[in-house]
>>> print(open('target_36.cif').read())   # mmCIF, C-alpha atoms
data_target
loop_
_atom_site.label_atom_id
_atom_site.label_comp_id
_atom_site.auth_asym_id
_atom_site.auth_seq_id
_atom_site.Cartn_x
_atom_site.Cartn_y
_atom_site.Cartn_z
CA MET A 46 -8.88 -40.62 -3.87
CA ILE A 47 -11.37 -38.31 -2.27
CA ARG A 48 -10.30 -34.73 -1.78
CA TYR A 49 -10.60 -33.78 1.81
CA LEU A 50 -10.39 -30.35 3.42
CA PHE A 51 -10.65 -29.45 7.07
CA ILE A 52 -13.37 -27.29 8.59
CA LEU A 53 -12.21 -26.26 12.01
CA PHE A 54 -8.90 -24.75 12.95
CA THR A 55 -7.25 -23.75 16.21
CA THR A 56 -4.55 -21.09 16.32
CA ILE A 57 -2.12 -21.56 19.18
CA SER A 58 0.54 -19.07 20.21
CA ALA A 59 3.02 -20.48 22.70
CA LEU A 60 4.86 -17.73 24.54
CA LEU A 61 7.65 -18.90 26.80
CA LEU A 62 7.58 -17.17 30.14
CA THR A 63 10.75 -16.41 32.05
CA SER A 64 11.46 -14.94 35.43
CA CYS A 65 14.65 -13.04 36.13
CA GLN A 66 16.29 -11.76 39.27
CA SER A 67 18.11 -8.50 38.65
CA GLY A 68 21.88 -8.76 39.03
CA SER A 69 21.86 -12.54 39.50
CA ASP A 70 24.12 -14.81 37.42
CA SER A 71 21.85 -17.78 38.13
CA ASP A 72 18.73 -16.50 36.43
CA GLU A 73 16.67 -19.51 35.23
CA PRO A 74 13.53 -19.55 33.04
CA ARG A 75 10.33 -20.56 34.73
CA PRO A 76 9.38 -24.15 33.77
CA GLU A 77 6.12 -23.22 32.11
CA ALA A 78 4.74 -21.97 28.82
CA GLU A 79 1.53 -20.14 28.03
CA PHE A 80 -0.74 -21.28 25.23
CA LYS A 81 -3.09 -18.69 23.73
CA LEU A 82 -5.72 -20.52 21.76
CA SER A 83 -8.30 -19.21 19.29
CA VAL A 84 -10.80 -21.31 17.31
CA ALA A 85 -12.42 -20.58 13.97
CA LEU A 86 -14.78 -22.54 11.76
CA ALA A 87 -13.97 -22.01 8.09
CA ASP A 88 -16.94 -21.54 5.78
CA MET A 89 -17.54 -23.97 2.94
CA SER A 90 -15.13 -23.61 0.07
CA ARG A 91 -16.34 -22.37 -3.32
CA ASN A 92 -13.37 -23.92 -5.09
CA GLY A 93 -13.56 -26.85 -7.44
CA ILE A 94 -17.05 -26.28 -8.89
CA THR A 95 -17.10 -28.63 -11.85
CA ARG A 96 -20.64 -29.52 -12.87
CA SER A 97 -23.87 -27.80 -13.84
CA VAL A 98 -25.56 -29.06 -10.68
CA GLU A 99 -23.97 -26.13 -8.87
CA ASN A 100 -26.05 -23.78 -11.02
CA PHE A 101 -29.01 -25.14 -9.10
CA TYR A 102 -27.51 -26.26 -5.83
CA ASP A 103 -24.02 -25.30 -4.75
CA PRO A 104 -23.07 -27.63 -1.90
CA SER A 105 -19.86 -25.74 -1.29
CA GLY A 106 -21.28 -22.24 -1.20
CA GLY A 107 -24.53 -22.57 0.71
CA ALA A 108 -24.95 -21.29 4.23
CA ILE A 109 -24.17 -23.89 6.86
CA SER A 110 -26.75 -24.72 9.50
CA ASP A 111 -26.28 -24.29 13.23
CA ASN A 112 -25.77 -28.05 13.47
CA GLU A 113 -22.66 -27.68 11.33
CA LYS A 114 -21.24 -24.94 13.52
CA MET A 115 -19.38 -25.11 16.81
CA GLN A 116 -21.60 -25.07 19.86
CA THR A 117 -19.33 -26.59 22.50
CA LEU A 118 -15.60 -27.18 22.65
CA ARG A 119 -13.50 -29.37 24.96
CA ILE A 120 -9.73 -28.90 24.93
CA VAL A 121 -7.62 -31.61 26.59
CA ILE A 122 -3.84 -31.17 26.92
CA VAL A 123 -1.80 -34.25 27.85
CA ARG A 124 1.82 -34.43 29.05
CA PRO A 125 4.33 -37.04 27.76
CA ASP A 126 3.74 -39.28 30.79
CA GLY A 127 0.03 -39.39 29.97
CA THR A 128 -1.06 -36.99 32.71
CA ILE A 129 -3.98 -34.74 31.82
CA GLU A 130 -2.64 -31.23 32.25
CA HIS A 131 -5.82 -29.39 31.25
CA ASN A 132 -9.42 -30.39 30.52
CA ARG A 133 -11.40 -27.29 29.65
CA TYR A 134 -14.99 -27.23 28.44
CA ILE A 135 -16.56 -24.18 26.78
CA ASP A 136 -20.31 -23.97 26.04
CA PHE A 137 -21.56 -21.38 23.56
CA SER A 138 -24.58 -23.35 22.33
CA SER A 139 -26.87 -20.34 22.72
CA HIS A 140 -24.82 -18.64 20.01
CA PRO A 141 -23.56 -21.26 17.51
CA SER A 142 -20.55 -19.69 15.92
CA ILE A 143 -17.84 -20.01 13.32
CA TRP A 144 -15.45 -18.16 15.63
CA TYR A 145 -14.31 -18.69 19.19
CA GLY A 146 -11.36 -17.36 21.21
CA GLN A 147 -9.28 -16.76 23.13
CA GLU A 148 -8.34 -19.42 25.71
CA GLN A 149 -5.07 -19.42 27.63
CA PHE A 150 -3.29 -22.36 29.28
CA LYS A 151 -0.18 -22.48 31.45
CA VAL A 152 1.67 -25.74 30.82
CA GLU A 153 5.01 -27.33 31.67
CA ARG A 154 7.59 -26.27 29.10
CA GLY A 155 10.28 -28.32 27.40
CA GLU A 156 8.06 -31.29 26.55
CA ASP A 157 5.78 -32.43 23.74
CA LYS A 158 2.04 -31.98 24.22
CA GLU A 159 -0.82 -34.11 22.97
CA VAL A 160 -3.87 -31.95 22.27
CA TYR A 161 -7.34 -33.48 21.90
CA LEU A 162 -10.19 -31.34 20.57
CA PHE A 163 -13.81 -32.45 21.03
CA VAL A 164 -16.61 -30.32 19.54
CA ASN A 165 -20.39 -30.66 20.04
CA GLU A 166 -19.87 -33.66 22.30
CA ASN A 167 -23.31 -33.66 23.92
CA SER A 168 -25.37 -34.51 20.84
CA THR A 169 -23.86 -37.98 20.32
CA THR A 170 -23.80 -41.26 22.23
CA TYR A 171 -20.31 -42.79 22.50
CA TYR A 172 -19.98 -46.56 22.82
CA GLU A 173 -17.24 -48.74 24.28
CA SER A 174 -17.07 -52.47 24.96
CA THR A 175 -18.68 -52.13 28.40
CA GLY A 176 -21.46 -49.74 27.42
CA THR A 177 -21.65 -46.00 26.84
CA VAL A 178 -19.56 -43.15 28.19
CA ALA A 179 -19.84 -39.36 28.34
CA LEU A 180 -16.87 -37.15 27.59
CA SER A 181 -18.18 -34.86 30.31
CA ASP A 182 -17.74 -37.57 32.96
CA ASN A 183 -15.06 -36.25 35.33
CA ASN A 184 -14.05 -39.82 36.14
CA PHE A 185 -13.33 -40.42 32.46
CA ILE A 186 -11.21 -37.34 31.66
CA ARG A 187 -9.91 -35.76 34.87
CA GLU A 188 -7.11 -33.25 35.27
CA GLY A 189 -4.16 -34.83 37.06
CA ALA A 190 -5.21 -38.36 36.08
CA LYS A 191 -3.92 -40.47 33.20
CA PHE A 192 -5.51 -39.81 29.86
CA PRO A 193 -7.57 -42.85 28.72
CA THR A 194 -5.80 -43.12 25.37
CA ASP A 195 -6.95 -46.61 24.41
CA ARG A 196 -10.53 -45.98 25.50
CA ILE A 197 -10.71 -42.74 23.51
CA LYS A 198 -9.16 -44.40 20.46
CA ASN A 199 -11.72 -47.21 20.53
CA LEU A 200 -14.84 -45.14 21.19
CA THR A 201 -17.44 -45.62 18.47
CA VAL A 202 -20.52 -43.84 17.17
CA MET A 203 -23.38 -46.07 16.02
CA THR A 204 -26.72 -46.02 14.24
CA THR A 205 -29.53 -48.07 15.74
CA SER A 206 -31.96 -48.53 12.84
CA ASN A 207 -31.89 -48.66 9.06
CA ASP A 208 -33.27 -45.13 8.74
CA ASP A 209 -31.19 -43.59 11.52
CA VAL A 210 -29.09 -40.49 10.78
CA LEU A 211 -26.87 -38.24 12.86
CA SER A 212 -28.96 -35.38 14.17
CA GLY A 213 -28.34 -32.25 16.18
CA PRO A 214 -24.95 -30.52 16.36
CA LEU A 215 -22.49 -32.73 14.50
CA PRO A 216 -19.64 -34.29 16.50
CA MET A 217 -16.17 -33.09 15.54
CA CYS A 218 -12.81 -34.11 16.94
CA GLU A 219 -9.09 -34.47 16.31
CA HIS A 220 -5.79 -35.35 17.99
CA HIS A 221 -2.59 -33.37 17.45
CA THR A 222 0.98 -33.46 18.75
CA ILE A 223 2.75 -30.18 19.52
CA LYS A 224 6.53 -30.60 19.65
CA ALA A 225 8.42 -29.01 22.53
CA ASP A 226 10.68 -27.01 20.23
CA ALA A 227 7.62 -25.55 18.49
CA LEU A 228 6.08 -23.98 21.57
CA GLY A 229 7.33 -20.55 20.63
CA ARG A 230 5.73 -20.62 17.19
CA ASP A 231 2.18 -20.04 16.04
CA THR A 232 0.47 -23.15 14.77
CA THR A 233 -2.87 -24.18 13.37
CA LEU A 234 -4.76 -27.30 14.37
CA PHE A 235 -7.89 -28.73 12.77
CA VAL A 236 -10.79 -30.95 13.73
CA THR A 237 -12.94 -33.03 11.41
CA ARG A 238 -16.64 -33.81 11.42
CA ALA A 239 -17.30 -37.41 12.37
CA ALA A 240 -19.97 -37.62 9.68
CA THR A 241 -20.50 -37.92 5.96
CA LYS A 242 -23.01 -35.50 4.47
CA PHE A 243 -25.37 -36.56 1.66
CA THR A 244 -27.44 -34.35 -0.61
CA TYR A 245 -29.70 -35.88 -3.28
CA VAL A 246 -30.84 -33.79 -6.26
CA ILE A 247 -33.51 -34.86 -8.79
CA ASN A 248 -33.68 -33.45 -12.34
CA ASN A 249 -36.98 -34.30 -14.05
CA ASN A 250 -36.79 -34.69 -17.84
CA LEU A 251 -40.15 -36.45 -18.12
CA ASP A 252 -43.16 -34.73 -19.68
CA LYS A 253 -45.04 -34.74 -16.39
CA THR A 254 -44.67 -33.97 -12.71
CA ILE A 255 -43.22 -36.79 -10.63
CA SER A 256 -43.63 -37.53 -6.94
CA TRP A 257 -40.45 -38.46 -5.04
CA THR A 258 -41.03 -40.34 -1.78
CA GLY A 259 -37.97 -42.40 -0.86
CA LEU A 260 -34.42 -43.57 -1.42
CA THR A 261 -31.98 -46.28 -0.35
CA LEU A 262 -28.21 -46.36 -0.01
CA ASP A 263 -26.24 -49.59 0.18
CA LYS A 264 -23.74 -50.25 1.95
CA VAL A 265 -23.74 -47.91 4.93
CA ALA A 266 -21.62 -48.64 8.01
CA ARG A 267 -23.41 -49.40 11.27
CA LYS A 268 -20.63 -47.89 13.38
CA GLU A 269 -17.49 -45.78 13.10
CA TYR A 270 -14.61 -44.73 15.32
CA TYR A 271 -15.32 -41.40 16.99
CA LEU A 272 -11.73 -40.18 16.69
CA PRO A 273 -10.03 -40.48 13.28
CA ASN A 274 -8.21 -43.81 13.40
CA ASN A 275 -4.81 -44.22 11.72
CA THR A 276 -5.83 -41.54 9.25
CA THR A 277 -3.09 -40.30 6.94
CA TYR A 278 -3.15 -37.09 4.93
CA THR A 279 -1.26 -35.47 2.07
CA PHE A 280 -1.26 -31.68 2.25
CA THR A 281 -1.27 -29.20 -0.62
CA LYS A 282 0.74 -26.00 -0.30
CA ASP A 283 0.18 -22.60 -1.86
CA GLU A 284 2.81 -20.45 -3.58
CA LYS A 285 4.03 -19.27 -0.17
CA GLY A 286 4.62 -22.83 0.98
CA GLU A 287 1.69 -22.78 3.40
CA ILE A 288 -0.55 -25.84 3.59
CA ILE A 289 -4.04 -24.98 2.36
CA SER A 290 -5.76 -28.34 1.96
CA GLY A 291 -5.38 -32.05 2.48
CA VAL A 292 -6.24 -35.41 0.96
CA ILE A 293 -7.02 -38.54 2.94
CA ASN A 294 -4.65 -41.33 1.92
CA GLY A 295 -5.96 -43.92 4.33
CA TYR A 296 -8.09 -44.49 7.40
CA GLU A 297 -9.23 -47.36 9.58
CA VAL A 298 -12.86 -48.21 10.22
CA ALA A 299 -14.55 -49.92 13.14
CA THR A 300 -16.21 -52.57 10.99
CA ILE A 301 -14.50 -55.92 10.42
CA GLN A 302 -13.96 -56.44 6.69
CA ASN A 303 -17.43 -55.93 5.15
CA ASN A 304 -19.43 -56.81 8.25
CA GLU A 305 -21.92 -54.48 9.92
CA HIS A 306 -22.98 -52.72 6.75
CA TYR A 307 -26.65 -52.32 5.86
CA ILE A 308 -29.09 -50.75 3.40
CA PHE A 309 -30.01 -47.30 4.59
CA GLY A 310 -33.59 -46.43 3.69
CA ARG A 311 -35.45 -43.16 3.95
CA THR A 312 -39.06 -42.25 3.18
CA PHE A 313 -40.48 -38.75 3.27
CA GLU A 314 -43.50 -36.68 2.38
CA PRO A 315 -43.90 -36.48 -1.41
CA ILE A 316 -41.63 -34.00 -3.14
CA GLU A 317 -43.33 -32.88 -6.35
CA VAL A 318 -40.84 -32.27 -9.17
CA ALA A 319 -42.37 -30.61 -12.23
CA LYS A 320 -41.27 -31.17 -15.83
CA GLY A 321 -37.85 -29.62 -16.38
CA GLU A 322 -37.43 -28.88 -12.67
CA GLU A 323 -34.70 -29.78 -10.21
CA LYS A 324 -35.22 -30.28 -6.48
CA ALA A 325 -32.93 -31.28 -3.64
CA LEU A 326 -33.78 -33.37 -0.61
CA PRO A 327 -32.61 -31.73 2.64
CA SER A 328 -29.14 -33.01 3.45
CA PHE A 329 -28.68 -35.86 5.92
CA TYR A 330 -25.68 -37.26 7.78
CA LEU A 331 -24.38 -40.85 7.95
CA LEU A 332 -21.29 -42.58 9.27
CA GLU A 333 -17.86 -43.03 7.77
CA SER A 334 -17.56 -46.19 5.68
CA LYS A 335 -15.00 -48.26 3.81
CA TYR A 336 -16.91 -50.97 1.95
CA ASN A 337 -15.43 -53.07 -0.84
CA ASP A 338 -18.04 -54.73 -3.05
CA PRO A 339 -16.89 -58.26 -3.92
CA GLY A 340 -19.15 -58.26 -6.98
CA THR A 341 -17.14 -55.67 -8.87
CA ALA A 342 -13.61 -55.58 -10.19
CA SER A 343 -11.07 -54.39 -7.66
CA ASP A 344 -10.12 -51.42 -9.86
CA SER A 345 -13.70 -50.37 -10.72
CA LYS A 346 -14.16 -48.26 -7.58
CA LEU A 347 -17.86 -49.16 -7.59
CA ASN A 348 -18.79 -50.05 -4.03
CA TYR A 349 -22.06 -48.27 -3.19
CA LYS A 350 -25.54 -48.54 -4.71
CA THR A 351 -28.60 -46.32 -4.49
CA SER A 352 -32.25 -46.42 -5.52
CA ILE A 353 -35.08 -43.90 -5.50
CA THR A 354 -38.87 -44.20 -5.29
CA LEU A 355 -40.85 -42.14 -7.81
CA ASP A 356 -44.63 -42.30 -8.33
CA GLY A 357 -44.75 -45.35 -6.08
CA ILE A 358 -42.14 -47.22 -8.14
CA THR A 359 -38.69 -48.05 -6.75
CA LEU A 360 -36.23 -47.64 -9.58
CA GLU A 361 -33.44 -50.20 -9.81
CA SER A 362 -30.39 -49.58 -7.69
CA LYS A 363 -27.34 -48.26 -9.51
CA TYR A 364 -23.72 -48.18 -8.49
CA LEU A 365 -22.71 -44.65 -7.59
CA PRO A 366 -19.79 -43.48 -9.76
CA ASN A 367 -16.86 -41.58 -8.28
CA LEU A 368 -17.55 -42.96 -4.81
CA SER A 369 -15.07 -45.67 -3.87
CA GLN A 370 -15.00 -44.85 -0.14
CA LEU A 371 -16.83 -42.66 2.36
CA PRO A 372 -14.41 -40.91 4.70
CA ARG A 373 -15.71 -38.54 7.35
CA ASN A 374 -16.13 -34.85 6.66
CA SER A 375 -16.90 -35.39 2.98
CA HIS A 376 -20.03 -34.08 1.24
CA VAL A 377 -21.54 -36.44 -1.33
CA VAL A 378 -23.93 -34.82 -3.83
CA VAL A 379 -25.92 -37.43 -5.76
CA TYR A 380 -27.38 -35.87 -8.89
CA ILE A 381 -30.04 -38.03 -10.58
CA THR A 382 -31.64 -37.27 -13.94
CA ILE A 383 -34.98 -38.92 -14.74
CA GLY A 384 -35.36 -39.58 -18.46
CA LYS A 385 -37.86 -41.15 -20.81
CA GLY A 386 -39.42 -44.35 -19.50
CA TYR A 387 -38.16 -43.56 -15.99
CA GLU A 388 -34.60 -44.28 -17.03
CA ILE A 389 -32.19 -42.79 -14.54
CA SER A 390 -28.66 -41.54 -14.91
CA CYS A 391 -26.55 -40.63 -11.94
CA THR A 392 -23.48 -38.49 -11.32
CA VAL A 393 -21.76 -38.02 -7.98
CA ASP A 394 -19.79 -35.03 -6.79
CA VAL A 395 -17.66 -35.69 -3.71
CA ARG A 396 -16.22 -32.63 -2.05
CA PRO A 397 -15.00 -31.52 1.33
CA TYR A 398 -16.98 -29.35 3.70
CA GLY A 399 -14.56 -26.47 3.77
CA GLU A 400 -11.10 -25.11 3.72
CA ILE A 401 -8.37 -24.39 6.26
CA ILE A 402 -4.91 -22.93 6.08
CA LEU A 403 -2.44 -25.08 8.00
CA GLU A 404 1.01 -24.05 9.11
CA PRO A 405 3.84 -26.41 8.09
CA GLY A 406 5.90 -28.12 10.75
CA PHE A 407 3.14 -29.45 12.95
CA GLY A 408 2.10 -33.06 12.58
CA GLN A 409 -1.05 -34.79 13.62
#
>>> encode(input="target_36.cif", output="structure tokens")
Amino acid sequence: MIRYLFILFTTISALLLTSCQSGSDSDEPRPEAEFKLSVALADMSRNGITRSVENFYDPSGGAISDNEKMQTLRIVIVRPDGTIEHNRYIDFSSHPSIWYGQEQFKVERGEDKEVYLFVNENSTTYYESTGTVALSDNNFIREGAKFPTDRIKNLTVMTTSNDDVLSGPLPMCEHHTIKADALGRDTTLFVTRAATKFTYVINNNLDKTISWTGLTLDKVARKEYYLPNNTTYTFTKDEKGEIISGVINGYEVATIQNNEHYIFGRTFEPIEVAKGEEKALPSFYLLESKYNDPGTASDSKLNYKTSITLDGITLESKYLPNLSQLPRNSHVVVYITIGKGYEISCTVDVRPYGEIILEPGFGQ
């Protein structure tokens, strides 16, 4: 089970508006509610540090890049009959931020709302069976029209070559249901990054400097669903009963069984690692995956292999421990020690990007 915490949250206050006529016995509330919406990007959590690798490189405490921040936000509110009530796009790409607010929406009251949140939508190509589509296309998501639920659910993100990675502002998204009887309460919604982050760290225990020029990772998924698909969570509560974190129990992937997986390969300018030194390769971003290696026991949880190239020699691929699946929004730190005779040992630390406090009573 991979621990999974959420990185973006949306605070919504729903204030019911009423209109009254003085002295009238037939005063009726207006049939609308007002949503006041604020957005914040939680910084990476410093909790759960367990290994000495963090003394050199702390994946949970380092500053996040602009590509891991919010730069654009689209908020889509859908009525029970599928009508798009609001489709609002906010662009703050000139000032990537961990905070955004406040947006207000007037909506019909007394009914459940489906809320879709799309972040950094312009940096990614979205595929469907007939080609590609842009979330900004007014003919795709248009106020007053029916929300394209099935099309959104089946949108995929893909890589096009064996060294392709997600680049630019990372796509983030989520779908939430707000119950009608909860409109008068504050709630918190989250979105997840549609990416898995990898950081490789080399520790050189040889008696000489080594030159690191490449790596492989097998099996990486060629495509993933853009929106989390049939994803289930278990939430952890604090002493006050508030939900502070979550664990992914299950999720669906766009690949069929083990098809459409490949060996990701990356070469780079030599990284010189001196005797007794540790160095990290800049992090890179791949797609969500759920591969099951038929060559290992079903309970071994060994499904992914890696190799590295040092001094022109590609060292034999090893199964990565503690990495049975690759859900989105997780950060995989692969820590490799180079010993005598170029023997390698590998540990893997899988952690979430960050932390969010969720209010109980609101389901996804």
>>> resolve_selection(input="target_36.cif", expression="the PyMOL selection byres ((chain A and resi 180-182) around 10)", output="count of residues only")
16
>>> resolve_selection(input="target_36.cif", expression="the PyMOL selection byres ((chain A and resi 379-384) around 9)", output="MDAnalysis selection string")
chainID A and resid 98 243:251 323 325 365 377:378 385:395
>>> atom_distance(input="target_36.cif", atom1="atom CA of Ala240 of chain A", atom2="atom CA of Arg133 of chain A")
24.1 Å
>>> closest_residue(input="target_36.cif", among="A:Ser206, A:Asn367, A:Asn199, A:Thr117", to="Tyr349 of chain A", atoms="all atoms listed in the file")
A:Asn367
>>> atom_distance(input="target_36.cif", atom1="atom CA of Pro372 of chain A", atom2="atom CA of Ala266 of chain A")
11.1 Å
>>> decode(input="target_36.cif", residues="segment 155-186 of chain A", atoms="N, CA and C atoms", output="PDB file, in the first residue's frame")
ATOM      1  N   GLY A 155     -30.558  23.553  -3.252  1.00  0.00           N
ATOM      2  CA  GLY A 155     -31.398  22.390  -3.047  1.00  0.00           C
ATOM      3  C   GLY A 155     -31.070  21.206  -3.925  1.00  0.00           C
ATOM      4  N   GLU A 156     -29.857  21.162  -4.483  1.00  0.00           N
ATOM      5  CA  GLU A 156     -29.489  20.037  -5.340  1.00  0.00           C
ATOM      6  C   GLU A 156     -27.996  19.753  -5.189  1.00  0.00           C
ATOM      7  N   ASP A 157     -27.624  18.497  -5.414  1.00  0.00           N
ATOM      8  CA  ASP A 157     -26.209  18.128  -5.376  1.00  0.00           C
ATOM      9  C   ASP A 157     -25.463  18.798  -6.529  1.00  0.00           C
ATOM     10  N   LYS A 158     -24.180  19.024  -6.324  1.00  0.00           N
ATOM     11  CA  LYS A 158     -23.334  19.609  -7.356  1.00  0.00           C
ATOM     12  C   LYS A 158     -22.131  18.697  -7.611  1.00  0.00           C
ATOM     13  N   GLU A 159     -21.817  18.518  -8.872  1.00  0.00           N
ATOM     14  CA  GLU A 159     -20.566  17.870  -9.251  1.00  0.00           C
ATOM     15  C   GLU A 159     -19.566  18.980  -9.577  1.00  0.00           C
ATOM     16  N   VAL A 160     -18.397  18.918  -8.943  1.00  0.00           N
ATOM     17  CA  VAL A 160     -17.378  19.946  -9.152  1.00  0.00           C
ATOM     18  C   VAL A 160     -16.136  19.285  -9.750  1.00  0.00           C
ATOM     19  N   TYR A 161     -15.725  19.794 -10.907  1.00  0.00           N
ATOM     20  CA  TYR A 161     -14.519  19.309 -11.577  1.00  0.00           C
ATOM     21  C   TYR A 161     -13.468  20.416 -11.499  1.00  0.00           C
ATOM     22  N   LEU A 162     -12.265  20.041 -11.100  1.00  0.00           N
ATOM     23  CA  LEU A 162     -11.159  20.981 -10.982  1.00  0.00           C
ATOM     24  C   LEU A 162     -10.033  20.550 -11.917  1.00  0.00           C
ATOM     25  N   PHE A 163      -9.642  21.440 -12.815  1.00  0.00           N
ATOM     26  CA  PHE A 163      -8.573  21.167 -13.777  1.00  0.00           C
ATOM     27  C   PHE A 163      -7.491  22.235 -13.607  1.00  0.00           C
ATOM     28  N   VAL A 164      -6.270  21.807 -13.329  1.00  0.00           N
ATOM     29  CA  VAL A 164      -5.166  22.733 -13.063  1.00  0.00           C
ATOM     30  C   VAL A 164      -4.063  22.526 -14.108  1.00  0.00           C
ATOM     31  N   ASN A 165      -3.479  23.631 -14.566  1.00  0.00           N
ATOM     32  CA  ASN A 165      -2.365  23.600 -15.528  1.00  0.00           C
ATOM     33  C   ASN A 165      -2.722  22.827 -16.794  1.00  0.00           C
ATOM     34  N   GLU A 166      -3.911  23.069 -17.314  1.00  0.00           N
ATOM     35  CA  GLU A 166      -4.431  22.263 -18.417  1.00  0.00           C
ATOM     36  C   GLU A 166      -3.705  22.467 -19.727  1.00  0.00           C
ATOM     37  N   ASN A 167      -3.024  23.594 -19.912  1.00  0.00           N
ATOM     38  CA  ASN A 167      -2.485  23.931 -21.229  1.00  0.00           C
ATOM     39  C   ASN A 167      -1.156  23.269 -21.552  1.00  0.00           C
ATOM     40  N   SER A 168      -0.528  22.633 -20.577  1.00  0.00           N
ATOM     41  CA  SER A 168       0.795  22.054 -20.809  1.00  0.00           C
ATOM     42  C   SER A 168       0.741  20.606 -21.268  1.00  0.00           C
ATOM     43  N   THR A 169      -0.456  20.049 -21.402  1.00  0.00           N
ATOM     44  CA  THR A 169      -0.613  18.621 -21.675  1.00  0.00           C
ATOM     45  C   THR A 169      -1.542  18.402 -22.858  1.00  0.00           C
ATOM     46  N   THR A 170      -1.259  17.377 -23.659  1.00  0.00           N
ATOM     47  CA  THR A 170      -2.149  16.968 -24.737  1.00  0.00           C
ATOM     48  C   THR A 170      -3.077  15.872 -24.216  1.00  0.00           C
ATOM     49  N   TYR A 171      -4.376  16.037 -24.456  1.00  0.00           N
ATOM     50  CA  TYR A 171      -5.370  15.077 -23.978  1.00  0.00           C
ATOM     51  C   TYR A 171      -5.928  14.315 -25.171  1.00  0.00           C
ATOM     52  N   TYR A 172      -5.925  12.978 -25.055  1.00  0.00           N
ATOM     53  CA  TYR A 172      -6.316  12.113 -26.159  1.00  0.00           C
ATOM     54  C   TYR A 172      -7.665  11.464 -25.881  1.00  0.00           C
ATOM     55  N   GLU A 173      -8.454  11.324 -26.955  1.00  0.00           N
ATOM     56  CA  GLU A 173      -9.658  10.500 -26.920  1.00  0.00           C
ATOM     57  C   GLU A 173      -9.669   9.647 -28.169  1.00  0.00           C
ATOM     58  N   SER A 174     -10.670   8.791 -28.318  1.00  0.00           N
ATOM     59  CA  SER A 174     -10.668   7.806 -29.394  1.00  0.00           C
ATOM     60  C   SER A 174     -10.620   8.435 -30.778  1.00  0.00           C
ATOM     61  N   THR A 175     -11.135   9.655 -30.919  1.00  0.00           N
ATOM     62  CA  THR A 175     -11.186  10.299 -32.236  1.00  0.00           C
ATOM     63  C   THR A 175     -10.045  11.286 -32.456  1.00  0.00           C
ATOM     64  N   GLY A 176      -9.139  11.406 -31.521  1.00  0.00           N
ATOM     65  CA  GLY A 176      -8.040  12.352 -31.676  1.00  0.00           C
ATOM     66  C   GLY A 176      -7.733  13.057 -30.375  1.00  0.00           C
ATOM     67  N   THR A 177      -7.399  14.338 -30.457  1.00  0.00           N
ATOM     68  CA  THR A 177      -7.071  15.114 -29.270  1.00  0.00           C
ATOM     69  C   THR A 177      -8.151  16.166 -29.026  1.00  0.00           C
ATOM     70  N   VAL A 178      -8.181  16.661 -27.797  1.00  0.00           N
ATOM     71  CA  VAL A 178      -9.171  17.668 -27.428  1.00  0.00           C
ATOM     72  C   VAL A 178      -8.536  18.632 -26.441  1.00  0.00           C
ATOM     73  N   ALA A 179      -8.998  19.878 -26.448  1.00  0.00           N
ATOM     74  CA  ALA A 179      -8.525  20.887 -25.506  1.00  0.00           C
ATOM     75  C   ALA A 179      -9.628  21.198 -24.509  1.00  0.00           C
ATOM     76  N   LEU A 180      -9.281  21.243 -23.240  1.00  0.00           N
ATOM     77  CA  LEU A 180     -10.275  21.585 -22.229  1.00  0.00           C
ATOM     78  C   LEU A 180     -10.775  23.019 -22.399  1.00  0.00           C
ATOM     79  N   SER A 181     -10.006  23.829 -23.100  1.00  0.00           N
ATOM     80  CA  SER A 181     -10.393  25.216 -23.335  1.00  0.00           C
ATOM     81  C   SER A 181     -11.382  25.370 -24.483  1.00  0.00           C
ATOM     82  N   ASP A 182     -11.644  24.284 -25.215  1.00  0.00           N
ATOM     83  CA  ASP A 182     -12.569  24.342 -26.350  1.00  0.00           C
ATOM     84  C   ASP A 182     -13.988  24.593 -25.830  1.00  0.00           C
ATOM     85  N   ASN A 183     -14.578  25.707 -26.204  1.00  0.00           N
ATOM     86  CA  ASN A 183     -15.909  26.071 -25.723  1.00  0.00           C
ATOM     87  C   ASN A 183     -16.981  25.098 -26.202  1.00  0.00           C
ATOM     88  N   ASN A 184     -16.701  24.378 -27.276  1.00  0.00           N
ATOM     89  CA  ASN A 184     -17.656  23.374 -27.757  1.00  0.00           C
ATOM     90  C   ASN A 184     -17.543  22.071 -26.971  1.00  0.00           C
ATOM     91  N   PHE A 185     -16.492  21.950 -26.166  1.00  0.00           N
ATOM     92  CA  PHE A 185     -16.295  20.747 -25.372  1.00  0.00           C
ATOM     93  C   PHE A 185     -16.917  20.907 -23.985  1.00  0.00           C
ATOM     94  N   ILE A 186     -16.628  22.014 -23.332  1.00  0.00           N
ATOM     95  CA  ILE A 186     -17.208  22.320 -22.013  1.00  0.00           C
ATOM     96  C   ILE A 186     -17.832  23.705 -22.112  1.00  0.00           C
TER      97      ILE A 186
END
